[in-house]
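Printed here is model-v8.txt (compact mmCIF, N, CA, C and O atoms):
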# COMPACT_ATOMS: atom_id res chain seq x y z
N MET A 938 24.69 -42.93 33.38
CA MET A 938 23.36 -42.39 33.64
C MET A 938 22.32 -43.31 33.03
O MET A 938 22.53 -43.87 31.96
N SER A 939 21.20 -43.39 33.68
CA SER A 939 20.08 -44.19 33.22
C SER A 939 18.89 -43.28 32.96
O SER A 939 18.83 -42.16 33.44
N ILE A 940 17.94 -43.81 32.21
CA ILE A 940 16.71 -43.07 31.92
C ILE A 940 15.57 -43.70 32.72
O ILE A 940 15.46 -44.92 32.81
N PHE A 941 14.74 -42.83 33.28
CA PHE A 941 13.62 -43.27 34.09
C PHE A 941 12.33 -42.65 33.58
O PHE A 941 12.31 -41.49 33.16
N ALA A 942 11.27 -43.43 33.61
CA ALA A 942 9.92 -42.94 33.32
C ALA A 942 9.22 -42.76 34.67
O ALA A 942 9.25 -43.66 35.51
N VAL A 943 8.66 -41.61 34.86
CA VAL A 943 7.93 -41.33 36.09
C VAL A 943 6.47 -41.08 35.71
O VAL A 943 6.17 -40.24 34.87
N HIS A 944 5.60 -41.85 36.33
CA HIS A 944 4.18 -41.74 36.06
C HIS A 944 3.52 -41.06 37.26
O HIS A 944 3.63 -41.56 38.38
N TYR A 945 2.91 -39.92 37.01
CA TYR A 945 2.16 -39.21 38.04
C TYR A 945 0.68 -39.48 37.82
O TYR A 945 0.18 -39.36 36.70
N SER A 946 -0.01 -39.83 38.89
CA SER A 946 -1.47 -39.86 38.89
C SER A 946 -1.89 -38.74 39.84
O SER A 946 -1.42 -38.68 40.98
N TYR A 947 -2.74 -37.86 39.35
CA TYR A 947 -3.16 -36.71 40.13
C TYR A 947 -4.48 -36.98 40.84
O TYR A 947 -5.26 -37.84 40.42
N VAL A 948 -4.73 -36.22 41.87
CA VAL A 948 -6.02 -36.29 42.55
C VAL A 948 -7.09 -35.69 41.62
O VAL A 948 -6.76 -35.02 40.64
N SER A 949 -8.33 -35.94 41.93
CA SER A 949 -9.42 -35.46 41.08
C SER A 949 -9.87 -34.05 41.43
O SER A 949 -10.85 -33.56 40.87
N ASP A 950 -9.17 -33.39 42.31
CA ASP A 950 -9.53 -32.05 42.76
C ASP A 950 -9.02 -31.01 41.76
O ASP A 950 -7.89 -30.54 41.83
N THR A 951 -9.88 -30.65 40.81
CA THR A 951 -9.51 -29.72 39.74
C THR A 951 -9.07 -28.37 40.31
O THR A 951 -8.12 -27.76 39.80
N GLU A 952 -9.74 -27.91 41.34
CA GLU A 952 -9.39 -26.62 41.94
C GLU A 952 -7.96 -26.65 42.51
O GLU A 952 -7.18 -25.71 42.30
N LEU A 953 -7.60 -27.71 43.20
CA LEU A 953 -6.25 -27.87 43.75
C LEU A 953 -5.22 -27.92 42.63
O LEU A 953 -4.18 -27.26 42.70
N LEU A 954 -5.50 -28.69 41.60
CA LEU A 954 -4.58 -28.80 40.46
C LEU A 954 -4.39 -27.45 39.77
O LEU A 954 -3.26 -27.06 39.48
N ASN A 955 -5.48 -26.75 39.51
CA ASN A 955 -5.39 -25.45 38.85
C ASN A 955 -4.63 -24.43 39.69
O ASN A 955 -3.86 -23.63 39.15
N GLU A 956 -4.81 -24.48 40.99
CA GLU A 956 -4.14 -23.54 41.88
C GLU A 956 -2.63 -23.71 41.86
O GLU A 956 -1.88 -22.73 41.87
N HIS A 957 -2.17 -24.95 41.83
CA HIS A 957 -0.74 -25.22 41.95
C HIS A 957 -0.04 -25.56 40.63
O HIS A 957 1.18 -25.73 40.62
N ARG A 958 -0.79 -25.64 39.53
CA ARG A 958 -0.19 -25.99 38.24
C ARG A 958 0.92 -25.02 37.81
O ARG A 958 1.98 -25.47 37.36
N PRO A 959 0.75 -23.71 37.93
CA PRO A 959 1.85 -22.81 37.51
C PRO A 959 3.16 -23.09 38.26
O PRO A 959 4.23 -23.15 37.65
N ALA A 960 3.09 -23.29 39.56
CA ALA A 960 4.31 -23.57 40.34
C ALA A 960 4.88 -24.94 39.98
O ALA A 960 6.10 -25.11 39.90
N HIS A 961 4.01 -25.90 39.73
CA HIS A 961 4.44 -27.25 39.31
C HIS A 961 5.19 -27.18 37.99
O HIS A 961 6.28 -27.74 37.86
N ARG A 962 4.64 -26.46 37.03
CA ARG A 962 5.29 -26.35 35.72
C ARG A 962 6.60 -25.58 35.81
O ARG A 962 7.58 -25.93 35.15
N GLU A 963 6.64 -24.55 36.61
CA GLU A 963 7.89 -23.79 36.79
C GLU A 963 8.96 -24.68 37.43
O GLU A 963 10.13 -24.64 37.05
N PHE A 964 8.55 -25.48 38.40
CA PHE A 964 9.47 -26.42 39.04
C PHE A 964 10.05 -27.38 38.01
O PHE A 964 11.27 -27.60 37.96
N LEU A 965 9.19 -27.94 37.16
CA LEU A 965 9.66 -28.88 36.15
C LEU A 965 10.55 -28.19 35.12
O LEU A 965 11.58 -28.74 34.72
N ARG A 966 10.19 -26.99 34.70
CA ARG A 966 11.03 -26.25 33.74
C ARG A 966 12.43 -26.04 34.31
O ARG A 966 13.42 -26.09 33.57
N ALA A 967 12.55 -25.82 35.60
CA ALA A 967 13.85 -25.61 36.23
C ALA A 967 14.70 -26.87 36.21
O ALA A 967 15.93 -26.80 36.33
N LEU A 968 14.08 -28.04 36.03
CA LEU A 968 14.83 -29.30 35.98
C LEU A 968 15.37 -29.62 34.59
O LEU A 968 16.20 -30.51 34.43
N VAL A 969 14.88 -28.90 33.56
CA VAL A 969 15.38 -29.11 32.21
C VAL A 969 16.86 -28.72 32.20
O VAL A 969 17.24 -27.66 32.68
N GLY A 970 17.68 -29.61 31.68
CA GLY A 970 19.12 -29.39 31.70
C GLY A 970 19.79 -29.98 32.93
O GLY A 970 21.01 -30.04 33.01
N SER A 971 18.98 -30.41 33.89
CA SER A 971 19.51 -31.02 35.11
C SER A 971 18.93 -32.42 35.32
O SER A 971 18.88 -32.90 36.44
N GLY A 972 18.44 -33.01 34.25
CA GLY A 972 17.91 -34.36 34.35
C GLY A 972 16.57 -34.57 33.67
O GLY A 972 16.28 -35.66 33.19
N LEU A 973 15.72 -33.54 33.65
CA LEU A 973 14.41 -33.72 33.02
C LEU A 973 14.56 -33.62 31.50
O LEU A 973 15.06 -32.63 30.98
N LEU A 974 14.13 -34.67 30.81
CA LEU A 974 14.22 -34.72 29.35
C LEU A 974 12.90 -34.36 28.69
O LEU A 974 12.88 -33.77 27.60
N ALA A 975 11.79 -34.72 29.32
CA ALA A 975 10.46 -34.44 28.77
C ALA A 975 9.42 -34.62 29.86
O ALA A 975 9.63 -35.39 30.80
N ALA A 976 8.32 -33.90 29.72
CA ALA A 976 7.22 -34.03 30.67
C ALA A 976 5.94 -33.57 30.01
O ALA A 976 5.95 -32.63 29.22
N GLY A 977 4.85 -34.22 30.35
CA GLY A 977 3.57 -33.81 29.82
C GLY A 977 2.43 -34.66 30.33
O GLY A 977 2.62 -35.80 30.72
N ALA A 978 1.26 -34.05 30.31
CA ALA A 978 0.05 -34.73 30.77
C ALA A 978 -0.47 -35.69 29.70
O ALA A 978 -0.17 -35.55 28.52
N TYR A 979 -1.26 -36.65 30.15
CA TYR A 979 -2.01 -37.52 29.25
C TYR A 979 -3.38 -36.86 29.06
O TYR A 979 -4.26 -37.00 29.91
N PRO A 980 -3.58 -36.11 28.00
CA PRO A 980 -4.81 -35.32 27.87
C PRO A 980 -6.09 -36.13 27.74
O PRO A 980 -7.16 -35.65 28.10
N ALA A 981 -6.01 -37.34 27.24
CA ALA A 981 -7.22 -38.14 27.04
C ALA A 981 -7.43 -39.19 28.13
O ALA A 981 -8.34 -40.00 28.04
N ALA A 982 -6.61 -39.15 29.18
CA ALA A 982 -6.72 -40.15 30.25
C ALA A 982 -8.00 -39.93 31.06
O ALA A 982 -8.45 -38.80 31.24
N GLU A 983 -8.58 -41.02 31.53
CA GLU A 983 -9.78 -40.93 32.37
C GLU A 983 -9.47 -40.21 33.67
O GLU A 983 -10.27 -39.42 34.15
N GLU A 984 -8.34 -40.51 34.26
CA GLU A 984 -7.89 -39.86 35.49
C GLU A 984 -6.75 -38.92 35.14
O GLU A 984 -5.90 -39.26 34.31
N PRO A 985 -6.68 -37.75 35.78
CA PRO A 985 -5.58 -36.84 35.48
C PRO A 985 -4.24 -37.49 35.78
O PRO A 985 -4.04 -38.05 36.86
N SER A 986 -3.33 -37.46 34.82
CA SER A 986 -2.04 -38.12 34.98
C SER A 986 -1.03 -37.54 33.99
O SER A 986 -1.40 -36.80 33.08
N ALA A 987 0.24 -37.90 34.21
CA ALA A 987 1.30 -37.36 33.36
C ALA A 987 2.48 -38.32 33.33
O ALA A 987 2.60 -39.22 34.16
N LEU A 988 3.36 -38.08 32.36
CA LEU A 988 4.59 -38.85 32.19
C LEU A 988 5.76 -37.88 32.20
O LEU A 988 5.72 -36.85 31.52
N LEU A 989 6.78 -38.22 32.95
CA LEU A 989 8.03 -37.47 32.97
C LEU A 989 9.14 -38.43 32.59
O LEU A 989 9.15 -39.59 33.01
N ILE A 990 10.08 -37.97 31.79
CA ILE A 990 11.25 -38.76 31.42
C ILE A 990 12.47 -38.03 31.98
O ILE A 990 12.68 -36.86 31.68
N LEU A 991 13.24 -38.73 32.80
CA LEU A 991 14.40 -38.13 33.44
C LEU A 991 15.63 -38.99 33.26
O LEU A 991 15.53 -40.21 33.15
N GLU A 992 16.78 -38.34 33.28
CA GLU A 992 18.06 -39.03 33.25
C GLU A 992 18.72 -38.81 34.62
O GLU A 992 18.81 -37.66 35.09
N ALA A 993 19.14 -39.90 35.25
CA ALA A 993 19.74 -39.80 36.58
C ALA A 993 20.57 -41.04 36.86
O ALA A 993 20.52 -42.03 36.12
N GLU A 994 21.30 -40.99 37.95
CA GLU A 994 22.14 -42.12 38.36
C GLU A 994 21.32 -43.28 38.93
O GLU A 994 21.72 -44.43 38.81
N SER A 995 20.19 -42.96 39.57
CA SER A 995 19.44 -44.01 40.26
C SER A 995 17.98 -43.58 40.46
O SER A 995 17.65 -42.40 40.31
N GLU A 996 17.16 -44.53 40.83
CA GLU A 996 15.77 -44.24 41.16
C GLU A 996 15.70 -43.28 42.34
O GLU A 996 14.87 -42.36 42.37
N ALA A 997 16.58 -43.48 43.31
CA ALA A 997 16.62 -42.59 44.48
C ALA A 997 16.95 -41.16 44.07
O ALA A 997 16.39 -40.20 44.62
N ALA A 998 17.83 -41.00 43.10
CA ALA A 998 18.19 -39.66 42.62
C ALA A 998 16.99 -39.00 41.94
O ALA A 998 16.76 -37.80 42.09
N VAL A 999 16.22 -39.78 41.19
CA VAL A 999 15.02 -39.25 40.54
C VAL A 999 14.02 -38.80 41.61
O VAL A 999 13.48 -37.70 41.55
N ALA A 1000 13.79 -39.66 42.60
CA ALA A 1000 12.86 -39.31 43.68
C ALA A 1000 13.30 -38.03 44.37
O ALA A 1000 12.49 -37.14 44.62
N SER A 1001 14.58 -37.91 44.63
CA SER A 1001 15.12 -36.73 45.28
C SER A 1001 14.90 -35.47 44.43
O SER A 1001 14.54 -34.41 44.96
N MET A 1002 15.09 -35.60 43.12
CA MET A 1002 14.87 -34.46 42.22
C MET A 1002 13.43 -33.98 42.25
O MET A 1002 13.16 -32.78 42.13
N LEU A 1003 12.50 -34.91 42.41
CA LEU A 1003 11.08 -34.59 42.31
C LEU A 1003 10.39 -34.34 43.65
O LEU A 1003 9.23 -33.92 43.67
N ASP A 1004 11.09 -34.57 44.75
CA ASP A 1004 10.45 -34.45 46.07
C ASP A 1004 9.97 -33.04 46.40
O ASP A 1004 9.09 -32.87 47.23
N ASP A 1005 10.53 -32.02 45.76
CA ASP A 1005 10.09 -30.65 46.02
C ASP A 1005 9.05 -30.15 45.03
O ASP A 1005 8.71 -28.96 45.04
N ASP A 1006 8.52 -31.03 44.20
CA ASP A 1006 7.47 -30.65 43.25
C ASP A 1006 6.29 -30.07 44.03
O ASP A 1006 5.77 -30.72 44.95
N PRO A 1007 5.86 -28.87 43.71
CA PRO A 1007 4.71 -28.28 44.40
C PRO A 1007 3.47 -29.17 44.37
O PRO A 1007 2.70 -29.17 45.34
N PHE A 1008 3.27 -29.91 43.30
CA PHE A 1008 2.13 -30.82 43.27
C PHE A 1008 2.26 -31.90 44.34
O PHE A 1008 1.28 -32.28 44.97
N LEU A 1009 3.45 -32.41 44.56
CA LEU A 1009 3.67 -33.44 45.58
C LEU A 1009 3.48 -32.83 46.97
O LEU A 1009 2.80 -33.40 47.82
N ARG A 1010 4.07 -31.67 47.19
CA ARG A 1010 4.01 -31.03 48.52
C ARG A 1010 2.59 -30.63 48.91
O ARG A 1010 2.27 -30.59 50.10
N THR A 1011 1.74 -30.33 47.94
CA THR A 1011 0.37 -29.89 48.24
C THR A 1011 -0.65 -31.02 48.18
O THR A 1011 -1.84 -30.77 48.35
N GLY A 1012 -0.21 -32.23 47.92
CA GLY A 1012 -1.12 -33.37 47.89
C GLY A 1012 -1.86 -33.54 46.58
O GLY A 1012 -2.85 -34.27 46.51
N ALA A 1013 -1.38 -32.90 45.51
CA ALA A 1013 -2.04 -33.02 44.21
C ALA A 1013 -1.66 -34.31 43.48
O ALA A 1013 -2.32 -34.69 42.52
N ILE A 1014 -0.60 -34.96 43.90
CA ILE A 1014 -0.18 -36.23 43.30
C ILE A 1014 -0.70 -37.37 44.17
O ILE A 1014 -0.31 -37.51 45.33
N ALA A 1015 -1.57 -38.17 43.59
CA ALA A 1015 -2.13 -39.32 44.31
C ALA A 1015 -1.16 -40.49 44.30
O ALA A 1015 -1.09 -41.26 45.27
N ASP A 1016 -0.39 -40.61 43.21
CA ASP A 1016 0.55 -41.73 43.09
C ASP A 1016 1.71 -41.31 42.19
O ASP A 1016 1.48 -40.65 41.17
N ARG A 1017 2.92 -41.67 42.59
CA ARG A 1017 4.11 -41.41 41.79
C ARG A 1017 4.85 -42.73 41.64
O ARG A 1017 5.24 -43.35 42.62
N ARG A 1018 5.01 -43.16 40.39
CA ARG A 1018 5.67 -44.42 40.09
C ARG A 1018 6.92 -44.13 39.26
O ARG A 1018 6.84 -43.53 38.19
N ILE A 1019 8.08 -44.54 39.77
CA ILE A 1019 9.35 -44.32 39.08
C ILE A 1019 9.83 -45.67 38.57
O ILE A 1019 9.96 -46.61 39.34
N GLN A 1020 10.12 -45.73 37.26
CA GLN A 1020 10.56 -46.99 36.66
C GLN A 1020 11.78 -46.76 35.78
O GLN A 1020 11.81 -45.81 34.99
N LEU A 1021 12.76 -47.62 35.92
CA LEU A 1021 13.90 -47.61 35.02
C LEU A 1021 13.37 -47.91 33.62
O LEU A 1021 12.53 -48.79 33.44
N TRP A 1022 13.83 -47.17 32.64
CA TRP A 1022 13.35 -47.32 31.26
C TRP A 1022 14.55 -47.44 30.35
O TRP A 1022 15.50 -46.66 30.47
N ASP A 1023 14.54 -48.40 29.47
CA ASP A 1023 15.68 -48.67 28.59
C ASP A 1023 15.23 -48.65 27.13
O ASP A 1023 15.02 -49.70 26.53
N PRO A 1024 15.10 -47.45 26.55
CA PRO A 1024 14.64 -47.37 25.16
C PRO A 1024 15.78 -47.67 24.18
O PRO A 1024 16.78 -46.95 24.15
N PRO A 1025 15.67 -48.74 23.38
CA PRO A 1025 16.74 -49.08 22.43
C PRO A 1025 16.67 -48.30 21.12
O PRO A 1025 17.61 -48.33 20.34
N ILE A 1026 15.55 -47.60 20.89
CA ILE A 1026 15.34 -46.91 19.62
C ILE A 1026 14.80 -45.51 19.92
O ILE A 1026 14.01 -45.31 20.82
N GLY A 1027 15.23 -44.54 19.12
CA GLY A 1027 14.67 -43.20 19.22
C GLY A 1027 15.58 -42.20 19.89
O GLY A 1027 16.74 -42.49 20.18
N ILE A 1028 15.03 -41.02 20.15
CA ILE A 1028 15.87 -39.92 20.65
C ILE A 1028 16.38 -40.15 22.07
O ILE A 1028 17.34 -39.52 22.47
N PHE A 1029 15.76 -41.04 22.81
CA PHE A 1029 16.22 -41.32 24.17
C PHE A 1029 17.15 -42.52 24.23
O PHE A 1029 17.61 -42.90 25.30
N ALA A 1030 17.41 -43.14 23.09
CA ALA A 1030 18.26 -44.34 23.05
C ALA A 1030 19.72 -43.98 23.31
O ALA A 1030 20.20 -42.93 23.02
Would you put the structure from the file into structure tokens?
Amino acid sequence: MSIFAVHYSYVSDTELLNEHRPAHREFLRALVGSGLLAAGAYPAAEEPSALLILEAESEAAVASMLDDDPFLRTGAIADRRIQLWDPPIGIFA
């Protein structure tokens, strides 16, 4: 298994984000224990965005896990970037 960092950039539509945030968070909570190791927003970012850390076999597997995210399905995610991450130190090492 490999570790991946997923960077979400959200649209600037606060109303859309607020409407779908509960379903988005519930979706992510359901992935804990099935690959999601951590997730959270960047509270001080100029643009709404977040970081997710997942463990999976491949980038395609990560994409597949996240394709049903309510934020993605409703157009609240402007950009999703999945990157292989290799932390040599710390709890994810």
Would you tabulate, counting all atoms listed in the file, all residues of region 965-1027 of chain A that have an atom at most 8 Å from an atom of region 938-942 of chain A, showing the closest pair of atoms and their distance in Å to one decimal, sorted by chain then ascending number, as JSON lines?
{"residue": "A:Gly972", "atom": "O", "partner": "A:Ser939", "partner_atom": "O", "distance": 7.0}
{"residue": "A:Leu974", "atom": "N", "partner": "A:Phe941", "partner_atom": "O", "distance": 7.4}
{"residue": "A:Ala975", "atom": "O", "partner": "A:Phe941", "partner_atom": "O", "distance": 7.1}
{"residue": "A:Ala987", "atom": "O", "partner": "A:Ala942", "partner_atom": "C", "distance": 7.5}
{"residue": "A:Leu988", "atom": "C", "partner": "A:Ala942", "partner_atom": "C", "distance": 6.5}
{"residue": "A:Leu989", "atom": "O", "partner": "A:Ala942", "partner_atom": "CA", "distance": 3.5}
{"residue": "A:Ile990", "atom": "CA", "partner": "A:Phe941", "partner_atom": "O", "distance": 3.4}
{"residue": "A:Leu991", "atom": "O", "partner": "A:Phe941", "partner_atom": "N", "distance": 2.7}
{"residue": "A:Glu992", "atom": "CA", "partner": "A:Ser939", "partner_atom": "O", "distance": 3.2}
{"residue": "A:Ala993", "atom": "O", "partner": "A:Ser939", "partner_atom": "N", "distance": 2.9}
{"residue": "A:Glu994", "atom": "CA", "partner": "A:Met938", "partner_atom": "CA", "distance": 4.9}
{"residue": "A:Ser995", "atom": "N", "partner": "A:Ser939", "partner_atom": "N", "distance": 6.0}
{"residue": "A:Glu996", "atom": "CA", "partner": "A:Phe941", "partner_atom": "CA", "distance": 7.5}
{"residue": "A:Val999", "atom": "CA", "partner": "A:Phe941", "partner_atom": "CA", "distance": 7.7}
{"residue": "A:Arg1017", "atom": "C", "partner": "A:Ala942", "partner_atom": "O", "distance": 7.6}
{"residue": "A:Arg1018", "atom": "O", "partner": "A:Ala942", "partner_atom": "O", "distance": 3.6}
{"residue": "A:Ile1019", "atom": "CA", "partner": "A:Ala942", "partner_atom": "O", "distance": 3.6}
{"residue": "A:Gln1020", "atom": "O", "partner": "A:Ala942", "partner_atom": "N", "distance": 2.8}
{"residue": "A:Leu1021", "atom": "C", "partner": "A:Ile940", "partner_atom": "O", "distance": 3.7}
{"residue": "A:Trp1022", "atom": "N", "partner": "A:Ile940", "partner_atom": "O", "distance": 2.8}
{"residue": "A:Asp1023", "atom": "N", "partner": "A:Ile940", "partner_atom": "O", "distance": 4.9}
{"residue": "A:Pro1024", "atom": "N", "partner": "A:Ile940", "partner_atom": "O", "distance": 6.8}
Could the residues in this selection be written to a file with N, CA, C and O atoms, as a compact mmCIF listing (two decimals), in the frame of the given file?
# COMPACT_ATOMS: atom_id res chain seq x y z
N GLY A 972 18.44 -33.01 34.25
CA GLY A 972 17.91 -34.36 34.35
C GLY A 972 16.57 -34.57 33.67
O GLY A 972 16.28 -35.66 33.19
N LEU A 974 14.13 -34.67 30.81
CA LEU A 974 14.22 -34.72 29.35
C LEU A 974 12.90 -34.36 28.69
O LEU A 974 12.88 -33.77 27.60
N ALA A 975 11.79 -34.72 29.32
CA ALA A 975 10.46 -34.44 28.77
C ALA A 975 9.42 -34.62 29.86
O ALA A 975 9.63 -35.39 30.80
N ALA A 987 0.24 -37.90 34.21
CA ALA A 987 1.30 -37.36 33.36
C ALA A 987 2.48 -38.32 33.33
O ALA A 987 2.60 -39.22 34.16
N LEU A 988 3.36 -38.08 32.36
CA LEU A 988 4.59 -38.85 32.19
C LEU A 988 5.76 -37.88 32.20
O LEU A 988 5.72 -36.85 31.52
N LEU A 989 6.78 -38.22 32.95
CA LEU A 989 8.03 -37.47 32.97
C LEU A 989 9.14 -38.43 32.59
O LEU A 989 9.15 -39.59 33.01
N ILE A 990 10.08 -37.97 31.79
CA ILE A 990 11.25 -38.76 31.42
C ILE A 990 12.47 -38.03 31.98
O ILE A 990 12.68 -36.86 31.68
N LEU A 991 13.24 -38.73 32.80
CA LEU A 991 14.40 -38.13 33.44
C LEU A 991 15.63 -38.99 33.26
O LEU A 991 15.53 -40.21 33.15
N GLU A 992 16.78 -38.34 33.28
CA GLU A 992 18.06 -39.03 33.25
C GLU A 992 18.72 -38.81 34.62
O GLU A 992 18.81 -37.66 35.09
N ALA A 993 19.14 -39.90 35.25
CA ALA A 993 19.74 -39.80 36.58
C ALA A 993 20.57 -41.04 36.86
O ALA A 993 20.52 -42.03 36.12
N GLU A 994 21.30 -40.99 37.95
CA GLU A 994 22.14 -42.12 38.36
C GLU A 994 21.32 -43.28 38.93
O GLU A 994 21.72 -44.43 38.81
N SER A 995 20.19 -42.96 39.57
CA SER A 995 19.44 -44.01 40.26
C SER A 995 17.98 -43.58 40.46
O SER A 995 17.65 -42.40 40.31
N GLU A 996 17.16 -44.53 40.83
CA GLU A 996 15.77 -44.24 41.16
C GLU A 996 15.70 -43.28 42.34
O GLU A 996 14.87 -42.36 42.37
N VAL A 999 16.22 -39.78 41.19
CA VAL A 999 15.02 -39.25 40.54
C VAL A 999 14.02 -38.80 41.61
O VAL A 999 13.48 -37.70 41.55
N ARG A 1017 2.92 -41.67 42.59
CA ARG A 1017 4.11 -41.41 41.79
C ARG A 1017 4.85 -42.73 41.64
O ARG A 1017 5.24 -43.35 42.62
N ARG A 1018 5.01 -43.16 40.39
CA ARG A 1018 5.67 -44.42 40.09
C ARG A 1018 6.92 -44.13 39.26
O ARG A 1018 6.84 -43.53 38.19
N ILE A 1019 8.08 -44.54 39.77
CA ILE A 1019 9.35 -44.32 39.08
C ILE A 1019 9.83 -45.67 38.57
O ILE A 1019 9.96 -46.61 39.34
N GLN A 1020 10.12 -45.73 37.26
CA GLN A 1020 10.56 -46.99 36.66
C GLN A 1020 11.78 -46.76 35.78
O GLN A 1020 11.81 -45.81 34.99
N LEU A 1021 12.76 -47.62 35.92
CA LEU A 1021 13.90 -47.61 35.02
C LEU A 1021 13.37 -47.91 33.62
O LEU A 1021 12.53 -48.79 33.44
N TRP A 1022 13.83 -47.17 32.64
CA TRP A 1022 13.35 -47.32 31.26
C TRP A 1022 14.55 -47.44 30.35
O TRP A 1022 15.50 -46.66 30.47
N ASP A 1023 14.54 -48.40 29.47
CA ASP A 1023 15.68 -48.67 28.59
C ASP A 1023 15.23 -48.65 27.13
O ASP A 1023 15.02 -49.70 26.53
N PRO A 1024 15.10 -47.45 26.55
CA PRO A 1024 14.64 -47.37 25.16
C PRO A 1024 15.78 -47.67 24.18
O PRO A 1024 16.78 -46.95 24.15
- request: Could you please determine the separation between CA of Ala1013 (chain A) and CA of Arg958 (chain A) in Å, to one decimal place?
  value: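 It comes out at 9.4 Å.
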task: Name the residues in contact with Leu965 (chain A) at a cut-off of 7 Å, using only N, CA, C and O atoms, excluding same-chain residues fewer than 6 positions from it; report them as a PyMOL selection string.
output: chain A and resi 959+973+1006
field: Within 12 Å of file point (-6.7, -28.6, 40.0), counting only C-alpha atoms, expressed as a PyMOL selection string
entry: chain A and resi 947-959+961+985-986+1008+1011-1014
Could those selected residues go to a file with N, CA, C and O atoms, as a short mmCIF file (atom, residue, chain, number, x, y, z; two decimals), in the coordinates of the input?
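Writing the result to part.cif gives the following:
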data_model
loop_
_atom_site.label_atom_id
_atom_site.label_comp_id
_atom_site.auth_asym_id
_atom_site.auth_seq_id
_atom_site.Cartn_x
_atom_site.Cartn_y
_atom_site.Cartn_z
N TYR A 947 -2.74 -37.86 39.35
CA TYR A 947 -3.16 -36.71 40.13
C TYR A 947 -4.48 -36.98 40.84
O TYR A 947 -5.26 -37.84 40.42
N VAL A 948 -4.73 -36.22 41.87
CA VAL A 948 -6.02 -36.29 42.55
C VAL A 948 -7.09 -35.69 41.62
O VAL A 948 -6.76 -35.02 40.64
N SER A 949 -8.33 -35.94 41.93
CA SER A 949 -9.42 -35.46 41.08
C SER A 949 -9.87 -34.05 41.43
O SER A 949 -10.85 -33.56 40.87
N ASP A 950 -9.17 -33.39 42.31
CA ASP A 950 -9.53 -32.05 42.76
C ASP A 950 -9.02 -31.01 41.76
O ASP A 950 -7.89 -30.54 41.83
N THR A 951 -9.88 -30.65 40.81
CA THR A 951 -9.51 -29.72 39.74
C THR A 951 -9.07 -28.37 40.31
O THR A 951 -8.12 -27.76 39.80
N GLU A 952 -9.74 -27.91 41.34
CA GLU A 952 -9.39 -26.62 41.94
C GLU A 952 -7.96 -26.65 42.51
O GLU A 952 -7.18 -25.71 42.30
N LEU A 953 -7.60 -27.71 43.20
CA LEU A 953 -6.25 -27.87 43.75
C LEU A 953 -5.22 -27.92 42.63
O LEU A 953 -4.18 -27.26 42.70
N LEU A 954 -5.50 -28.69 41.60
CA LEU A 954 -4.58 -28.80 40.46
C LEU A 954 -4.39 -27.45 39.77
O LEU A 954 -3.26 -27.06 39.48
N ASN A 955 -5.48 -26.75 39.51
CA ASN A 955 -5.39 -25.45 38.85
C ASN A 955 -4.63 -24.43 39.69
O ASN A 955 -3.86 -23.63 39.15
N GLU A 956 -4.81 -24.48 40.99
CA GLU A 956 -4.14 -23.54 41.88
C GLU A 956 -2.63 -23.71 41.86
O GLU A 956 -1.88 -22.73 41.87
N HIS A 957 -2.17 -24.95 41.83
CA HIS A 957 -0.74 -25.22 41.95
C HIS A 957 -0.04 -25.56 40.63
O HIS A 957 1.18 -25.73 40.62
N ARG A 958 -0.79 -25.64 39.53
CA ARG A 958 -0.19 -25.99 38.24
C ARG A 958 0.92 -25.02 37.81
O ARG A 958 1.98 -25.47 37.36
N PRO A 959 0.75 -23.71 37.93
CA PRO A 959 1.85 -22.81 37.51
C PRO A 959 3.16 -23.09 38.26
O PRO A 959 4.23 -23.15 37.65
N HIS A 961 4.01 -25.90 39.73
CA HIS A 961 4.44 -27.25 39.31
C HIS A 961 5.19 -27.18 37.99
O HIS A 961 6.28 -27.74 37.86
N PRO A 985 -6.68 -37.75 35.78
CA PRO A 985 -5.58 -36.84 35.48
C PRO A 985 -4.24 -37.49 35.78
O PRO A 985 -4.04 -38.05 36.86
N SER A 986 -3.33 -37.46 34.82
CA SER A 986 -2.04 -38.12 34.98
C SER A 986 -1.03 -37.54 33.99
O SER A 986 -1.40 -36.80 33.08
N PHE A 1008 3.27 -29.91 43.30
CA PHE A 1008 2.13 -30.82 43.27
C PHE A 1008 2.26 -31.90 44.34
O PHE A 1008 1.28 -32.28 44.97
N THR A 1011 1.74 -30.33 47.94
CA THR A 1011 0.37 -29.89 48.24
C THR A 1011 -0.65 -31.02 48.18
O THR A 1011 -1.84 -30.77 48.35
N GLY A 1012 -0.21 -32.23 47.92
CA GLY A 1012 -1.12 -33.37 47.89
C GLY A 1012 -1.86 -33.54 46.58
O GLY A 1012 -2.85 -34.27 46.51
N ALA A 1013 -1.38 -32.90 45.51
CA ALA A 1013 -2.04 -33.02 44.21
C ALA A 1013 -1.66 -34.31 43.48
O ALA A 1013 -2.32 -34.69 42.52
N ILE A 1014 -0.60 -34.96 43.90
CA ILE A 1014 -0.18 -36.23 43.30
C ILE A 1014 -0.70 -37.37 44.17
O ILE A 1014 -0.31 -37.51 45.33
#
- request: State, in Å with one decimal place, the distance from CA of Ser1001 (chain A) to CA of Phe964 (chain A).
  value: 13.3 Å
task: Going by DSSP on the backbone, which bits of chain A are strand (DSSP E)? Write them as a ChimeraX atom specification, please.
output: /A:939-947,973-978,986-993,1014-1022
- request: List every residue of chain A that DSSP, applied to the backbone of this structure, assigns to alpha helix (DSSP H), and report them as number ranges by chain.
  value: A: 951-968, 996-1003, 1007-1010
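Closest to Ala976 (chain A) among A:Ala960, A:Val943, A:Ala997, A:Gly1027 is A:Val943, based on all atoms listed in the file.
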